[in-house]
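Student: Next comes the structure file run.csv, holding CSV, C-alpha atoms.
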chain,number,residue,atom,x,y,z
J,853,MET,CA,21.3,-24.9,-51.4
J,854,MET,CA,19.3,-27.2,-53.7
J,855,ARG,CA,19.5,-30.0,-51.1
J,856,ARG,CA,18.2,-27.7,-48.4
J,857,LEU,CA,15.3,-26.6,-50.6
J,858,LEU,CA,14.5,-30.2,-51.4
J,859,GLY,CA,14.5,-31.0,-47.6
J,860,VAL,CA,12.1,-28.2,-46.8
J,861,ALA,CA,9.8,-29.2,-49.7
J,862,LEU,CA,9.8,-32.8,-48.4
J,863,ALA,CA,9.1,-31.7,-44.9
J,864,ALA,CA,6.2,-29.5,-46.1
J,865,ALA,CA,4.8,-32.3,-48.1
J,866,ALA,CA,4.9,-34.7,-45.1
J,867,LEU,CA,3.2,-32.0,-43.0
J,868,ILE,CA,0.4,-31.6,-45.5
J,869,ILE,CA,-0.2,-35.4,-45.7
J,870,LEU,CA,-0.3,-35.7,-41.9
J,871,LEU,CA,-2.7,-32.7,-41.6
J,872,TYR,CA,-4.9,-34.4,-44.3
J,873,GLY,CA,-4.9,-37.6,-42.2
J,874,VAL,CA,-5.8,-35.8,-39.0
J,875,GLU,CA,-9.0,-34.6,-40.8
J,876,ASP,CA,-10.5,-38.1,-40.6
J,877,LEU,CA,-9.8,-38.6,-36.9
J,878,PRO,CA,-12.8,-38.2,-34.5
J,879,PRO,CA,-12.9,-34.9,-32.6
J,880,TRP,CA,-10.8,-34.8,-29.4
J,881,GLY,CA,-12.8,-36.1,-26.4
J,882,ASP,CA,-15.8,-37.1,-28.5
J,883,PRO,CA,-17.9,-39.5,-26.4
J,884,ASN,CA,-19.3,-41.2,-29.6
J,885,GLN,CA,-15.9,-42.1,-31.1
J,886,PRO,CA,-15.3,-45.9,-31.5
J,887,ALA,CA,-12.7,-46.2,-28.7
J,888,SER,CA,-15.1,-44.7,-26.2
J,889,LEU,CA,-18.0,-46.9,-27.3
J,890,HIS,CA,-16.3,-50.3,-27.3
J,891,VAL,CA,-13.0,-50.4,-25.3
J,892,SER,CA,-13.5,-48.0,-22.5
J,893,PRO,CA,-16.9,-49.3,-21.3
J,894,ARG,CA,-15.5,-52.8,-21.3
J,895,TYR,CA,-12.6,-51.8,-19.0
J,896,ILE,CA,-14.8,-49.8,-16.7
J,897,GLU,CA,-17.7,-52.3,-16.4
J,898,LYS,CA,-15.8,-55.6,-16.4
J,899,GLY,CA,-12.3,-54.7,-15.2
J,900,LEU,CA,-13.0,-55.6,-11.5
J,901,ALA,CA,-14.9,-58.8,-12.4
J,902,GLU,CA,-12.3,-60.0,-14.8
J,903,THR,CA,-9.1,-59.2,-13.0
J,904,GLY,CA,-10.1,-58.7,-9.3
J,905,VAL,CA,-8.2,-55.4,-9.3
J,906,ALA,CA,-10.1,-52.4,-8.0
J,907,ASN,CA,-7.8,-49.9,-9.6
J,908,MET,CA,-8.8,-49.6,-13.3
J,909,VAL,CA,-5.4,-48.1,-14.3
J,910,THR,CA,-3.5,-51.1,-12.9
J,911,ALA,CA,-5.9,-53.5,-14.6
J,912,VAL,CA,-5.4,-51.9,-18.0
J,913,LEU,CA,-1.7,-51.4,-17.5
J,914,ALA,CA,-0.7,-54.8,-16.3
J,915,ASP,CA,-3.4,-57.1,-17.7
J,916,TYR,CA,-5.2,-55.8,-20.8
J,917,ARG,CA,-2.1,-54.0,-22.0
J,918,GLY,CA,0.4,-56.4,-20.6
J,919,TYR,CA,2.6,-56.5,-23.7
J,920,ASP,CA,2.9,-52.7,-23.7
J,921,THR,CA,4.1,-52.7,-20.1
J,922,LEU,CA,6.5,-55.6,-20.7
J,923,PHE,CA,8.3,-53.7,-23.4
J,924,GLU,CA,8.2,-50.5,-21.4
J,925,THR,CA,10.2,-52.3,-18.8
J,926,ALA,CA,12.5,-53.6,-21.5
J,927,VAL,CA,13.0,-50.0,-22.7
J,928,ILE,CA,14.0,-48.9,-19.2
J,929,PHE,CA,16.4,-51.9,-19.0
J,930,THR,CA,17.9,-51.0,-22.3
J,931,ALA,CA,18.3,-47.4,-21.2
J,932,GLY,CA,20.2,-48.5,-18.1
J,933,VAL,CA,22.5,-50.9,-20.2
J,934,ALA,CA,23.1,-48.1,-22.7
J,935,VAL,CA,24.3,-45.7,-20.0
J,936,LEU,CA,26.5,-48.4,-18.6
J,937,MET,CA,28.0,-49.1,-22.1
J,938,LEU,CA,28.6,-45.4,-22.9
J,939,LEU,CA,30.0,-44.2,-19.6
J,940,ARG,CA,31.5,-47.1,-17.7
J,941,ARG,CA,35.3,-47.0,-17.6
J,942,ARG,CA,37.3,-49.6,-15.7
J,943,LYS,CA,40.6,-48.8,-14.2
J,944,PRO,CA,43.3,-49.8,-16.7
G,803,MET,CA,32.3,-35.3,-7.3
G,804,ILE,CA,30.3,-36.9,-4.5
G,805,ARG,CA,32.0,-36.2,-1.2
G,806,GLU,CA,30.8,-37.3,2.2
G,807,GLN,CA,28.8,-34.6,4.0
G,808,LYS,CA,30.2,-33.9,7.4
G,809,ASP,CA,27.0,-32.2,8.6
G,810,ILE,CA,25.4,-34.0,11.5
G,811,ILE,CA,22.0,-32.7,10.6
G,812,ILE,CA,22.1,-34.2,7.1
G,813,HIS,CA,23.4,-37.5,8.5
G,814,THR,CA,20.7,-37.8,11.2
G,815,ILE,CA,17.8,-36.7,8.9
G,816,CYS,CA,18.9,-39.2,6.2
G,817,ARG,CA,19.2,-42.0,8.8
G,818,ILE,CA,15.6,-41.4,9.8
G,819,LEU,CA,14.3,-40.7,6.3
G,820,ILE,CA,15.7,-43.6,4.3
G,821,PRO,CA,13.9,-46.5,6.1
G,822,PHE,CA,10.6,-44.6,5.7
G,823,MET,CA,11.2,-44.0,2.0
G,824,GLN,CA,11.9,-47.6,1.4
G,825,VAL,CA,8.8,-48.7,3.3
G,826,TYR,CA,6.8,-46.1,1.4
G,827,GLY,CA,8.2,-47.4,-1.9
G,828,LEU,CA,7.0,-50.9,-1.0
G,829,TYR,CA,3.6,-49.5,0.1
G,830,VAL,CA,3.1,-47.8,-3.2
G,831,LEU,CA,3.9,-51.1,-5.0
G,832,ALA,CA,1.7,-53.2,-2.7
G,833,HIS,CA,-1.2,-50.7,-2.9
G,834,GLY,CA,-1.2,-50.4,-6.7
G,835,HIS,CA,-4.2,-52.8,-6.8
G,836,GLY,CA,-6.5,-50.5,-4.9
G,837,SER,CA,-5.1,-46.9,-5.3
G,838,PRO,CA,-2.8,-45.0,-7.6
G,839,GLY,CA,0.6,-46.7,-7.5
G,840,GLY,CA,2.5,-49.6,-8.9
G,841,GLY,CA,5.9,-50.7,-10.0
G,842,PHE,CA,7.1,-47.6,-11.9
G,843,GLN,CA,6.2,-45.2,-9.1
G,844,GLY,CA,7.2,-47.4,-6.2
G,845,GLY,CA,10.5,-48.2,-8.0
G,846,CYS,CA,11.3,-44.5,-8.3
G,847,ILE,CA,10.7,-43.9,-4.6
G,848,PHE,CA,12.7,-46.9,-3.7
G,849,ALA,CA,15.6,-45.8,-6.0
G,850,ALA,CA,15.4,-42.3,-4.4
G,851,SER,CA,16.4,-43.8,-1.0
G,852,PHE,CA,19.4,-45.5,-2.6
G,853,ILE,CA,20.4,-42.3,-4.4
G,854,LEU,CA,20.1,-40.3,-1.1
G,855,MET,CA,22.6,-42.6,0.6
G,856,PRO,CA,25.7,-41.7,-1.6
G,857,ILE,CA,24.6,-38.0,-1.5
G,858,ALA,CA,24.6,-37.9,2.3
G,859,TYR,CA,27.3,-40.5,3.3
G,860,GLY,CA,29.6,-40.5,0.2
G,861,LEU,CA,30.0,-42.9,-2.6
G,862,ASP,CA,31.6,-45.7,-0.5
G,863,VAL,CA,28.6,-46.2,1.7
G,864,GLY,CA,26.2,-46.0,-1.2
G,865,LYS,CA,28.1,-48.6,-3.2
G,866,LYS,CA,28.5,-50.9,-0.1
G,867,ARG,CA,24.7,-50.9,0.3
G,868,LEU,CA,24.0,-51.6,-3.4
G,869,ALA,CA,27.0,-52.8,-5.2
G,870,GLU,CA,27.3,-52.3,-9.0
G,871,ARG,CA,27.3,-56.0,-9.8
G,872,ARG,CA,24.1,-56.3,-7.9
G,873,THR,CA,22.3,-53.4,-9.7
G,874,ILE,CA,23.2,-55.0,-13.0
G,875,ILE,CA,21.8,-58.4,-11.9
G,876,LEU,CA,18.6,-56.7,-10.5
G,877,CYS,CA,18.1,-54.8,-13.7
G,878,SER,CA,17.8,-58.0,-15.7
G,879,LEU,CA,16.1,-59.9,-12.9
G,880,GLY,CA,13.0,-57.6,-13.1
G,881,VAL,CA,12.6,-58.0,-16.9
G,882,PHE,CA,13.2,-61.8,-16.4
G,883,ILE,CA,10.4,-62.0,-13.8
G,884,TYR,CA,8.0,-60.2,-16.1
G,885,GLY,CA,8.9,-62.3,-19.1
G,886,GLY,CA,9.1,-65.5,-17.1
G,887,ILE,CA,5.5,-65.0,-15.8
G,888,GLY,CA,4.5,-64.6,-19.4
G,889,LEU,CA,6.2,-67.7,-20.5
G,890,LEU,CA,4.9,-69.6,-17.5
G,891,CYS,CA,1.3,-68.7,-18.6
G,892,LEU,CA,2.3,-70.0,-22.1
G,893,LEU,CA,3.5,-73.3,-20.6
G,894,LEU,CA,0.4,-73.8,-18.6
G,895,GLY,CA,-1.8,-73.6,-21.7
G,896,GLY,CA,-2.8,-70.0,-21.9
G,897,ASN,CA,-1.7,-67.1,-24.1
G,898,PHE,CA,1.5,-65.2,-23.4
G,899,LEU,CA,0.9,-63.0,-20.3
G,900,ASP,CA,-2.6,-64.5,-19.8
G,901,TYR,CA,-2.4,-64.7,-16.0
G,902,GLY,CA,-5.7,-66.6,-15.8
G,903,ALA,CA,-3.7,-69.8,-16.7
G,904,LEU,CA,-1.8,-69.5,-13.5
G,905,SER,CA,-4.8,-70.9,-11.6
G,906,ALA,CA,-3.5,-74.3,-12.6
G,907,ILE,CA,-0.6,-74.0,-10.1
G,908,LEU,CA,-2.2,-71.5,-7.6
G,909,PRO,CA,-4.9,-72.6,-5.2
G,910,VAL,CA,-7.3,-69.9,-6.5
G,911,GLY,CA,-9.7,-69.3,-9.4
G,912,PRO,CA,-8.7,-67.6,-12.7
G,913,VAL,CA,-9.8,-64.1,-11.6
G,914,MET,CA,-7.7,-64.2,-8.4
G,915,ALA,CA,-4.8,-65.8,-10.4
G,916,ARG,CA,-4.9,-62.6,-12.6
G,917,TYR,CA,-4.8,-60.6,-9.4
G,918,TYR,CA,-1.6,-62.3,-8.2
G,919,GLY,CA,0.0,-62.4,-11.6
G,920,ILE,CA,-0.4,-58.6,-11.8
G,921,ALA,CA,1.2,-58.3,-8.3
G,922,VAL,CA,4.2,-60.4,-9.4
G,923,ILE,CA,4.9,-58.5,-12.6
G,924,GLU,CA,4.5,-55.2,-10.8
G,925,THR,CA,7.3,-56.4,-8.5
G,926,GLY,CA,9.4,-57.2,-11.5
G,927,VAL,CA,8.8,-53.7,-12.9
G,928,GLN,CA,9.7,-52.2,-9.5
G,929,ILE,CA,13.0,-54.1,-9.3
G,930,THR,CA,14.1,-53.1,-12.8
G,931,VAL,CA,13.1,-49.4,-12.4
G,932,MET,CA,14.9,-49.2,-9.0
G,933,ALA,CA,18.1,-50.8,-10.2
G,934,VAL,CA,18.3,-48.8,-13.5
G,935,MET,CA,17.7,-45.5,-11.6
G,936,VAL,CA,20.5,-46.2,-9.2
G,937,SER,CA,22.8,-47.4,-11.9
G,938,ILE,CA,22.2,-44.4,-14.1
G,939,PHE,CA,22.7,-42.0,-11.2
G,940,ILE,CA,26.0,-43.5,-10.0
G,941,ASN,CA,27.4,-43.7,-13.5
G,942,LEU,CA,26.3,-40.1,-14.5
G,943,VAL,CA,27.6,-38.6,-11.3
G,944,THR,CA,31.1,-40.2,-11.5
G,945,GLY,CA,31.4,-40.1,-15.3
G,946,GLY,CA,31.5,-43.9,-15.3
G,947,SER,CA,34.7,-44.3,-13.2
G,948,HIS,CA,33.6,-45.1,-9.7
G,949,GLU,CA,36.9,-46.6,-8.6
G,950,GLU,CA,38.9,-43.4,-9.4
G,951,GLU,CA,36.3,-41.3,-7.7
G,952,MET,CA,36.5,-43.5,-4.6
G,953,GLN,CA,40.3,-43.3,-4.5
G,954,LYS,CA,40.2,-39.6,-4.8
G,955,THR,CA,38.0,-39.3,-1.7
G,956,HIS,CA,40.4,-41.6,0.2
G,957,ASP,CA,43.5,-39.6,-0.7
Just give me the structure of the file as C-alpha cells.
Tutor:
Amino acid sequence: MMRRLLGVALAAAALIILLYGVEDLPPWGDPNQPASLHVSPRYIEKGLAETGVANMVTAVLADYRGYDTLFETAVIFTAGVAVLMLLRRRKP
Amino acid sequence: MIREQKDIIIHTICRILIPFMQVYGLYVLAHGHGSPGGGFQGGCIFAASFILMPIAYGLDVGKKRLAERRTIILCSLGVFIYGGIGLLCLLLGGNFLDYGALSAILPVGPVMARYYGIAVIETGVQITVMAVMVSIFINLVTGGSHEEEMQKTHD
C-alpha cells in the first residue's frame, strides 16, 4: 500500500514538473516562435536551390534531417530482426 | 493458416493486380522528388504485392517468389546502402550524409549530387521497408514455423 501511494505521488510530481515546463513553450502554431522564424523559412526558400528537390518534405526528410531518417530505417530493420528472433522456429 | 484459394476470380484478379502494384510502388519511390512519396510509402506498396501473393496462391508460391533468406539479406542491404552512402560522403571529404561531396565522383555539380544522393538513400529505405514488412507478415501468420505450415498444406 505504501509503495503504491509512493508511486502515485511520484507520478503526480512528474506531471506537475512537466506541466510547469510546458508553460514556457511558445503557443501552438505561433508564427513568431523561433522554429518558424529561422528553420522553416530556410527550408521553404532555399530547399530547391540547395538540394534540387522540388518536394520540400523529401528535401527535409532525406537531406537536412538525414540522420533522423537513417536511424528510422535502422529502427524498422531492428523491428524486423526482433520479430524473427522472437517467432522463428526451425524444424528440430 | 494460409491455404491456397481455389477461387478463379481471386487468382485472376491477383495476377492482374500484382504487376500494377509493383510498378506503382516503384513510381511512388521515383516520384518522391516531385510529389508526395518516397521510400517508406513505396516500400509499403511494394510489400503489399508480396503479401498478396501468399494470401491468394498459398505460402509455397509466396516463399518461392521471395525466399526467407533473401528477405533477411534485403533487410540489411537497405540500411547498408543508406549508411554506405553516408560513409562514402565521409571518404570523399564531406560530412557524414553530406551528399554534396558525391559530386567528386559524379559528373554533376554539388546540388544535383544531393538530388541523386537522396534518390539512392530512398531506394535503400524502400528495400528495407519492403523486406521487413514481408518478413514480419510471413512470420506472424505462421507463428514462425513456415516449414511445418507448408508441410501441413501438402498433406
Student: What separation in Å, quoted to one decimal, exists between atom CA of Leu894 of chain G and atom CA of Val909 of chain J?
Tutor: 26.7 Å
Student: Would you pick out the contacts of Leu899 of chain G at 12 Å or less, using all atoms listed in the file, so that residues sharing its chain but fewer than 4 positions from it are not included, and give the list as a ChimeraX atom specification?
Tutor: /J:914-922 /G:883-895,903-904,915-916,919-920,922-923
Student: Select all residues from chain G having any atom no more than 7 Å from an atom of chain J (counting all atoms listed in the file, ignoring ligands), output as a list in words.
Tutor: Gly834, His835, Gly836, Ser837, Cys877, Val881, Tyr884, Leu899, Val913, Met914, Arg916, Tyr917, Ile920, Val927, Thr930, Val931, Val934, Ser937, Ile938, Asn941, Gly945, Gly946 and Ser947 of chain G
Student: What does the file look like for those residues with C-alpha atoms, as a compact mmCIF listing (two decimals), in the frame of the given file?
Tutor:
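Output file again.txt follows:
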# COMPACT_ATOMS: atom_id res chain seq x y z
CA GLY G 834 -1.20 -50.40 -6.70
CA HIS G 835 -4.20 -52.80 -6.80
CA GLY G 836 -6.50 -50.50 -4.90
CA SER G 837 -5.10 -46.90 -5.30
CA CYS G 877 18.10 -54.80 -13.70
CA VAL G 881 12.60 -58.00 -16.90
CA TYR G 884 8.00 -60.20 -16.10
CA LEU G 899 0.90 -63.00 -20.30
CA VAL G 913 -9.80 -64.10 -11.60
CA MET G 914 -7.70 -64.20 -8.40
CA ARG G 916 -4.90 -62.60 -12.60
CA TYR G 917 -4.80 -60.60 -9.40
CA ILE G 920 -0.40 -58.60 -11.80
CA VAL G 927 8.80 -53.70 -12.90
CA THR G 930 14.10 -53.10 -12.80
CA VAL G 931 13.10 -49.40 -12.40
CA VAL G 934 18.30 -48.80 -13.50
CA SER G 937 22.80 -47.40 -11.90
CA ILE G 938 22.20 -44.40 -14.10
CA ASN G 941 27.40 -43.70 -13.50
CA GLY G 945 31.40 -40.10 -15.30
CA GLY G 946 31.50 -43.90 -15.30
CA SER G 947 34.70 -44.30 -13.20
Student: When you draw a straight line from atom CA of Leu819 of chain G to atom CA of Gly845 of chain G, how long is it in Å?
Tutor: 16.6 Å
Student: Between atom CA of Gly926 of chain G and atom CA of Phe848 of chain G, what is the distance in Å, rounded to a tenth?
Tutor: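 Taking atom CA of Gly926 of chain G as the start and atom CA of Phe848 of chain G as the end point, the length is 13.3 Å.
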Student: Find the residues around Gly841 of chain G up to 7 Å (all atoms listed in the file counted), leave out those fewer than 3 positions away in its own chain, and share them as a PyMOL selection string.
Tutor: chain G and resi 831+844-845+924-925+927-928
Student: Find the residue from G:Tyr901, G:Pro909, G:Tyr829, G:Arg867 that sits nearest to Ile853 of chain G; use all atoms listed in the file when measuring.
Tutor: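 Of all the options, G:Arg867 lies closest to Ile853 of chain G.
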Student: Please determine, counting all atoms listed in the file, which residue among G:Cys816, G:Thr944, G:Tyr918, G:Met935 has the shortest atom-to-atom distance to Ala858 of chain G.
Tutor: G:Cys816
Student: How would segment 913-929 of chain G look with N, CA and C atoms restored, written as an mmCIF file, in the frame of the given file?
Tutor:
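Just written: part.cif:
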data_model
loop_
_atom_site.group_PDB
_atom_site.id
_atom_site.type_symbol
_atom_site.label_atom_id
_atom_site.label_comp_id
_atom_site.auth_asym_id
_atom_site.auth_seq_id
_atom_site.Cartn_x
_atom_site.Cartn_y
_atom_site.Cartn_z
ATOM 1 N N VAL G 913 -9.760 -65.596 -11.800
ATOM 2 C CA VAL G 913 -9.800 -64.100 -11.600
ATOM 3 C C VAL G 913 -8.729 -63.760 -10.540
ATOM 4 N N MET G 914 -8.663 -64.514 -9.432
ATOM 5 C CA MET G 914 -7.700 -64.200 -8.400
ATOM 6 C C MET G 914 -6.261 -64.510 -8.921
ATOM 7 N N ALA G 915 -6.140 -65.484 -9.831
ATOM 8 C CA ALA G 915 -4.800 -65.800 -10.400
ATOM 9 C C ALA G 915 -4.341 -64.549 -11.200
ATOM 10 N N ARG G 916 -5.267 -63.852 -11.885
ATOM 11 C CA ARG G 916 -4.900 -62.600 -12.600
ATOM 12 C C ARG G 916 -4.410 -61.574 -11.571
ATOM 13 N N TYR G 917 -5.114 -61.497 -10.435
ATOM 14 C CA TYR G 917 -4.800 -60.600 -9.400
ATOM 15 C C TYR G 917 -3.311 -60.784 -8.941
ATOM 16 N N TYR G 918 -2.978 -62.056 -8.666
ATOM 17 C CA TYR G 918 -1.600 -62.300 -8.200
ATOM 18 C C TYR G 918 -0.594 -62.221 -9.299
ATOM 19 N N GLY G 919 -0.972 -62.572 -10.520
ATOM 20 C CA GLY G 919 0.000 -62.400 -11.600
ATOM 21 C C GLY G 919 0.343 -60.944 -11.807
ATOM 22 N N ILE G 920 -0.657 -60.028 -11.688
ATOM 23 C CA ILE G 920 -0.400 -58.600 -11.800
ATOM 24 C C ILE G 920 0.580 -58.180 -10.677
ATOM 25 N N ALA G 921 0.338 -58.714 -9.463
ATOM 26 C CA ALA G 921 1.200 -58.300 -8.300
ATOM 27 C C ALA G 921 2.656 -58.752 -8.614
ATOM 28 N N VAL G 922 2.849 -59.943 -9.180
ATOM 29 C CA VAL G 922 4.200 -60.400 -9.400
ATOM 30 C C VAL G 922 4.903 -59.584 -10.498
ATOM 31 N N ILE G 923 4.187 -59.288 -11.593
ATOM 32 C CA ILE G 923 4.900 -58.500 -12.600
ATOM 33 C C ILE G 923 5.142 -57.097 -12.203
ATOM 34 N N GLU G 924 4.263 -56.533 -11.347
ATOM 35 C CA GLU G 924 4.500 -55.200 -10.800
ATOM 36 C C GLU G 924 5.811 -55.212 -9.980
ATOM 37 N N THR G 925 6.018 -56.312 -9.233
ATOM 38 C CA THR G 925 7.300 -56.400 -8.500
ATOM 39 C C THR G 925 8.460 -56.460 -9.386
ATOM 40 N N GLY G 926 8.341 -57.183 -10.506
ATOM 41 C CA GLY G 926 9.400 -57.200 -11.500
ATOM 42 C C GLY G 926 9.733 -55.819 -12.010
ATOM 43 N N VAL G 927 8.664 -55.064 -12.353
ATOM 44 C CA VAL G 927 8.800 -53.700 -12.900
ATOM 45 C C VAL G 927 9.560 -52.858 -11.797
ATOM 46 N N GLN G 928 9.135 -53.008 -10.550
ATOM 47 C CA GLN G 928 9.700 -52.200 -9.500
ATOM 48 C C GLN G 928 11.228 -52.490 -9.363
ATOM 49 N N ILE G 929 11.614 -53.769 -9.416
ATOM 50 C CA ILE G 929 13.000 -54.100 -9.300
ATOM 51 C C ILE G 929 13.843 -53.505 -10.402
#
